[in-house]
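Taking it in order: structure first as structure tokens, then the write-up.
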Amino acid sequence: MDITEYIKLVFTDYTLRTITLGTAILGAVTGMLGSFAVLRKQSLLGDAISHAALPGIAISFLITGAKDSNVLLLGALVSGLIGTFWIRGIIKKTHLKSDTALGLILSLFFGFGMLLLTFIQKQPNANQAGLDKYLFGQAATLIESDVWLMAIVTGACLVVLLLFWKEFKILLFDADYTKTLGFNTKFIDILITTFIVLAIVLGLQTVGVVLMSAMLLAPAAAARQWTNSLGIMVFLAALFGAFSGVFGTAISASQNNLSTGPVIVIVASVFVLISFIFSPSRGLLFKQIRFIKNRRDLQLHKTLAFMHHIAKTHENISHPHTVKILNNFQGYTRSTLQKLVHKNYVRLDGNMWSLTEEGFKTASNLYNQQSDNNE
Amino acid sequence: MSNAQIEIQLIASLVAIACAIPGTFLVLRKMAMISDAISHSILPGIVIGFFITQDLNSPLLILLAALTGIITVILVEYIQKTGLVKEDTAIGLVFPALFSIGVILIAKNANDVHLDVDAVLLGELAFAPFDRLLIAGVDVGPKSLWIIGCILLITIGLLFAFFKELKISTFDVGLSASLGFSPTIIHYGLMTVSSVTTVGAFDAVGAILVVALMIAPAATAYLLTTNLKRMLVYAICFGVFSAMSGYWLAHWLDASIAGSITTMLGLLFLVIYLFAPNKGVIAVLYREKQQRTEVSLLTFLLHLRNHSEEEERHVNHLNEHINWQKVRSKTVLELALKNNMIVIDNDVVSLTEKGNDFTSQAIDYIITNEDSKIEHMKDDFFLFRG
């Protein structure tokens, strides 16, 4: 199947269109809210919440006996929130650290959820099958109403985000200052946490409990590398998330036996990897290039300083010397000499070199300038 | 109890002990989430190992999977070192990616692989006794019992051999490095043991329960004691207790054994979290209330000492002057009376000699910035606490 054909199919085929739209919206909303989670150093909270949502799904099924996804997600939301606030309680009231609290709630809630799920499976009720799709997610089960729900939540989230933008931003970077300005930090905090929980719960059906945390983190971590501005970061994260959704769906749809959730996560991870390496200001590649360039500059300066040292002892600063005397000097290479010539600091004449007027001036000011810069 | 039931409980208990030992150190080193990461990211290792060996219980598979666990740790640490993202984000990025690779590997080879993700995540303890180990045709017990037994023996051996090093590098990295124990070696040693335990246990109890068994008993024990040896013993006891009781809960409900063991761990933690003598929530809340009253009392006494005028010390005036609610001022007043700090004469409150002594000492401490000593002073002066 080639690409144009696939794109045509996305617009005509109901299932494919729904899934693509659903995963794209999901990616956008999780990327958006994930930015806040990452910057608040709550990256793993997403992992804990998504696991903690499982018993909620099981319990709401036990109570209602129906498999209506909205009711189940409501249960997931409630139990996710309980998990979140219990984690906070543990961190605040006891001396257990946040990682212990997260791991504890994650595994305990998930285990309890599994107990309930297996308990449900043994019940004489024909309706119970399909609950375990929440474990790994099944994008194929998305229907139009699910996508509408996602779109509505995303819209609400966008409105709240724009409405409380200033508050969220200031709380993110300086919580104490926010408090002194008279904002109700507790309310803002709970608001943003609730929305993060909401986004996670929405994704359970598509990517599942286990992989949901990556949807939250990966787009945000990728976006973080490209910018230092919160607004751009949130926008980029939403974009990356949406693209991961679309590409992931496309890849999994074009192959047999590929579940959508893991593919989306891998696509998102590839985004992260690319951002880690190729981002211009923070990326590893450019960092390495800058590192090498700085080292070269240093060598260049060293050679120039050495030449200056020799030229100083002569009356005529442009008095030619042989290249040979440079050979013993550490840091000198033929290419640095060529570069110096290129910069018009040095004149080459056969095997002889001489400093130019400009080169001498630069060399004598070399360390002065540096000490000036340091001050 | 049938033979199989005893064997299941034995396996569960051994897994609990084998997890509790590295878990205690993980919790103390604030690396609890690493165990979660390892438990997920061993999946590709298990799958690849399974392609090679075709046997879920082969030692090679365990080694391969444990290697994946260590690779996870190294990857996480590498990403942290680049400084591009924070530590927890690094963990959150690495393990879902590896886990996804594992899931896709399984899905792509679903037809010829006798392995499914549910089994890896949740395990099936109930089937463990059916997979017997035969040595020279003689049945010597379930395979997973032997595997986890070996891992447990190695873990205990390492624990006794390196207890001192583990202890010192957990609590004071700088000191251990200066004494010549390499914290790095200890760190990776611990990571290796955690990975091997996770892999050895996943087949019996599943990846998530391994996390629960590592973190929950240690965290529960940490609420009860601050002594490392005692914490280890408590953690092991909690683990074994939950394993046993969890089995019977599962038996009664006819549900997943792994799930019910986790539920028992959760209940245990909840009880200790609420009722632990010094660090439980109720104890903490009680202490906070007590301290609040005592601080109020101190403020009240200071106020009395600063004002010799009678109208400033009148009961009605005090109420509005310090601006407390009625109930609160009543508690404070009663506490002061009970402790013989004040006398009320004709609705005018005045300090007794003892109250005067207490207040002047407290002022001394506050002025010299030694507020913490007031806490000790309370023991000397108070007959009743707030």
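Chain labels A, B, ... are given in the sequence in which chains occur in the structure tokens; within each chain residues are numbered consecutively from 1, and ligands are likewise numbered from 1 in the order shown.
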Would you list which chain A residues are within 6 Å of chain B using only C-alpha atoms, as a list in words? Ser43, Thr94, Asp99, Thr100, Gly103, Leu104, Ser107, Leu108, Gly111, Phe112, Met114, Leu115, Thr118, Phe119, Leu211, Ala214, Asn257, Pro262 and Ile266 of chain A
Just to be explicit: take each residue in the selection above, keep C-alpha atoms, and write the result as a short mmCIF file (atom, residue, chain, number, x, y, z; two decimals), in the first residue's frame.
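Ended up saving to again_18.cif:
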```cif
data_model
loop_
_atom_site.label_atom_id
_atom_site.label_comp_id
_atom_site.auth_asym_id
_atom_site.auth_seq_id
_atom_site.Cartn_x
_atom_site.Cartn_y
_atom_site.Cartn_z
CA SER A 43 7.02 12.53 34.99
CA THR A 94 5.43 10.29 56.17
CA ASP A 99 9.66 7.39 44.22
CA THR A 100 8.61 4.91 46.90
CA GLY A 103 5.97 2.68 43.01
CA LEU A 104 3.84 1.64 45.95
CA SER A 107 1.88 -1.69 41.99
CA LEU A 108 -0.70 -1.97 44.77
CA GLY A 111 -2.48 -5.65 41.64
CA PHE A 112 -5.85 -4.89 43.20
CA MET A 114 -5.94 -7.43 38.45
CA LEU A 115 -7.57 -9.21 41.36
CA THR A 118 -9.79 -12.00 37.34
CA PHE A 119 -12.65 -12.04 39.82
CA LEU A 211 2.19 2.42 28.05
CA ALA A 214 5.07 7.34 27.60
CA ASN A 257 -0.39 -8.22 14.00
CA PRO A 262 3.16 0.10 21.35
CA ILE A 266 7.86 3.72 19.63
#
```
Strand (DSSP E or B) per DSSP on the backbone: members of range 46-237 of chain B, as JSON, numbers by chain: {"B": [132, 133, 134, 135, 138, 139, 140, 141, 142]}
Could you turn the residues from that selection into a file that holds N, CA and C atoms, as a PDB file, in the first residue's frame?
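The file below, part.pdb, is the result:
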```pdb
ATOM      1  N   ARG B 132       7.403 -29.432  36.384  1.00  0.00           N
ATOM      2  CA  ARG B 132       8.306 -30.107  37.322  1.00  0.00           C
ATOM      3  C   ARG B 132       9.728 -30.149  36.791  1.00  0.00           C
ATOM      4  N   LEU B 133      10.651 -30.168  37.706  1.00  0.00           N
ATOM      5  CA  LEU B 133      12.052 -30.361  37.327  1.00  0.00           C
ATOM      6  C   LEU B 133      12.393 -31.834  37.512  1.00  0.00           C
ATOM      7  N   LEU B 134      12.852 -32.444  36.437  1.00  0.00           N
ATOM      8  CA  LEU B 134      13.208 -33.856  36.509  1.00  0.00           C
ATOM      9  C   LEU B 134      14.722 -33.990  36.437  1.00  0.00           C
ATOM     10  N   ILE B 135      15.304 -34.571  37.430  1.00  0.00           N
ATOM     11  CA  ILE B 135      16.747 -34.843  37.374  1.00  0.00           C
ATOM     12  C   ILE B 135      16.915 -36.344  37.320  1.00  0.00           C
ATOM     13  N   VAL B 138      13.910 -38.338  38.062  1.00  0.00           N
ATOM     14  CA  VAL B 138      13.284 -38.255  39.378  1.00  0.00           C
ATOM     15  C   VAL B 138      12.687 -36.865  39.551  1.00  0.00           C
ATOM     16  N   ASP B 139      11.457 -36.829  40.000  1.00  0.00           N
ATOM     17  CA  ASP B 139      10.781 -35.560  40.206  1.00  0.00           C
ATOM     18  C   ASP B 139      11.278 -34.919  41.498  1.00  0.00           C
ATOM     19  N   VAL B 140      11.941 -33.754  41.376  1.00  0.00           N
ATOM     20  CA  VAL B 140      12.477 -33.122  42.586  1.00  0.00           C
ATOM     21  C   VAL B 140      11.738 -31.847  42.970  1.00  0.00           C
ATOM     22  N   GLY B 141      10.617 -31.563  42.320  1.00  0.00           N
ATOM     23  CA  GLY B 141       9.852 -30.380  42.707  1.00  0.00           C
ATOM     24  C   GLY B 141       9.639 -29.459  41.526  1.00  0.00           C
ATOM     25  N   PRO B 142       8.831 -28.408  41.712  1.00  0.00           N
ATOM     26  CA  PRO B 142       8.554 -27.487  40.608  1.00  0.00           C
ATOM     27  C   PRO B 142       9.816 -26.726  40.197  1.00  0.00           C
TER      28      PRO B 142
END
```
Using only C-alpha atoms, can you tell me which of A:Leu162, A:Leu236, A:Ala222, A:Leu149 comes closest to Ile25 in chain A?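 For Ile25 in chain A, the nearest of the candidates is A:Leu149.
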Test item: residues at most 8 Å from Ala48 in chain A, only C-alpha atoms, excluding those fewer than 6 positions along its chain, as a ChimeraX atom specification: /A:83-84,102-103,105-106
Residues just named, written with N, CA and C atoms as a PDB file, in the first residue's frame:
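Dumped everything to selection36.pdb:
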```
ATOM      1  N   GLY A  83      -5.661   7.634  43.784  1.00  0.00           N
ATOM      2  CA  GLY A  83      -4.246   7.252  43.790  1.00  0.00           C
ATOM      3  C   GLY A  83      -3.349   8.476  43.889  1.00  0.00           C
ATOM      4  N   THR A  84      -3.658   9.506  43.086  1.00  0.00           N
ATOM      5  CA  THR A  84      -2.831  10.710  43.084  1.00  0.00           C
ATOM      6  C   THR A  84      -2.781  11.355  44.462  1.00  0.00           C
ATOM      7  N   LEU A 102       5.233   6.538  44.659  1.00  0.00           N
ATOM      8  CA  LEU A 102       4.746   6.260  43.302  1.00  0.00           C
ATOM      9  C   LEU A 102       4.732   4.762  43.025  1.00  0.00           C
ATOM     10  N   GLY A 103       5.869   4.105  43.298  1.00  0.00           N
ATOM     11  CA  GLY A 103       5.967   2.678  43.014  1.00  0.00           C
ATOM     12  C   GLY A 103       4.954   1.880  43.810  1.00  0.00           C
ATOM     13  N   ILE A 105       1.943   2.909  45.147  1.00  0.00           N
ATOM     14  CA  ILE A 105       0.568   3.088  44.687  1.00  0.00           C
ATOM     15  C   ILE A 105       0.378   2.386  43.342  1.00  0.00           C
ATOM     16  N   LEU A 106       1.360   2.564  42.458  1.00  0.00           N
ATOM     17  CA  LEU A 106       1.293   1.943  41.137  1.00  0.00           C
ATOM     18  C   LEU A 106       1.071   0.441  41.237  1.00  0.00           C
TER      19      LEU A 106
END
```
All helix (DSSP H, G or I) positions in range 11-254 of chain B, as a ChimeraX atom specification: /B:11-28,32-53,59-82,87-108,117-122,125-130,143-161,163-171,173-179,183-205,207-224,228-253
How many Å lie between CA of Leu161 in chain A and CA of Gly241 in chain A, rounded to one decimal? 17.2 Å
Just the number, please: distance in Å from CA of Glu124 in chain B to CA of Gln54 in chain B, one decimal.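 Separation between CA of Glu124 in chain B and CA of Gln54 in chain B: 18.5 Å.
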Using only C-alpha atoms, determine which residues lie at most 12 Å from Leu39 in chain A, disregarding the query and same-chain residues fewer than 6 positions distant; provide the list as a PyMOL selection string. (chain A and resi 32-33+168-174+216-217+220-221+223-224+228-230+233-234) or (chain B and resi 85-89)
Write the selection just made, keeping C-alpha atoms, as a PDB file, in the first residue's frame?
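Here's the written file again-v4.pdb:
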```
ATOM      1  CA  MET A  32       0.009  19.476  25.977  1.00  0.00           C
ATOM      2  CA  LEU A  33      -0.576  18.394  29.575  1.00  0.00           C
ATOM      3  CA  PHE A 168      -0.023  27.667  35.608  1.00  0.00           C
ATOM      4  CA  LYS A 169       3.135  29.225  34.308  1.00  0.00           C
ATOM      5  CA  ILE A 170       4.041  31.042  37.488  1.00  0.00           C
ATOM      6  CA  LEU A 171       3.211  28.040  39.667  1.00  0.00           C
ATOM      7  CA  LEU A 172       5.447  25.930  37.481  1.00  0.00           C
ATOM      8  CA  PHE A 173       8.523  28.057  37.871  1.00  0.00           C
ATOM      9  CA  ASP A 174       8.161  29.724  41.239  1.00  0.00           C
ATOM     10  CA  LEU A 216       2.464  11.829  28.449  1.00  0.00           C
ATOM     11  CA  LEU A 217       6.219  12.098  28.661  1.00  0.00           C
ATOM     12  CA  ALA A 220       6.916  16.796  26.097  1.00  0.00           C
ATOM     13  CA  ALA A 221      10.493  15.595  26.534  1.00  0.00           C
ATOM     14  CA  ALA A 223       9.499  19.410  22.682  1.00  0.00           C
ATOM     15  CA  ARG A 224      11.600  20.548  25.625  1.00  0.00           C
ATOM     16  CA  ASN A 228      12.989  27.438  26.262  1.00  0.00           C
ATOM     17  CA  SER A 229       9.569  29.026  26.052  1.00  0.00           C
ATOM     18  CA  LEU A 230       6.628  27.355  27.754  1.00  0.00           C
ATOM     19  CA  MET A 233       6.935  23.882  24.219  1.00  0.00           C
ATOM     20  CA  VAL A 234       3.276  23.110  24.876  1.00  0.00           C
TER      21      VAL A 234
ATOM     22  CA  VAL B  85      15.854  15.730  30.910  1.00  0.00           C
ATOM     23  CA  LYS B  86      15.395  15.096  34.598  1.00  0.00           C
ATOM     24  CA  GLU B  87      16.036  11.712  36.188  1.00  0.00           C
ATOM     25  CA  ASP B  88      12.442  10.596  36.491  1.00  0.00           C
ATOM     26  CA  THR B  89      11.695  11.583  32.905  1.00  0.00           C
TER      27      THR B  89
END
```
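Of note, CA of Thr72 in chain B and CA of Asp203 in chain B are spaced 19.7 Å apart.
Using only C-alpha atoms for every distance, the candidate list A:Val38, A:Ala199, A:Ala156, A:Leu204 yields A:Leu204 as the residue closest to Ile57 in chain A.
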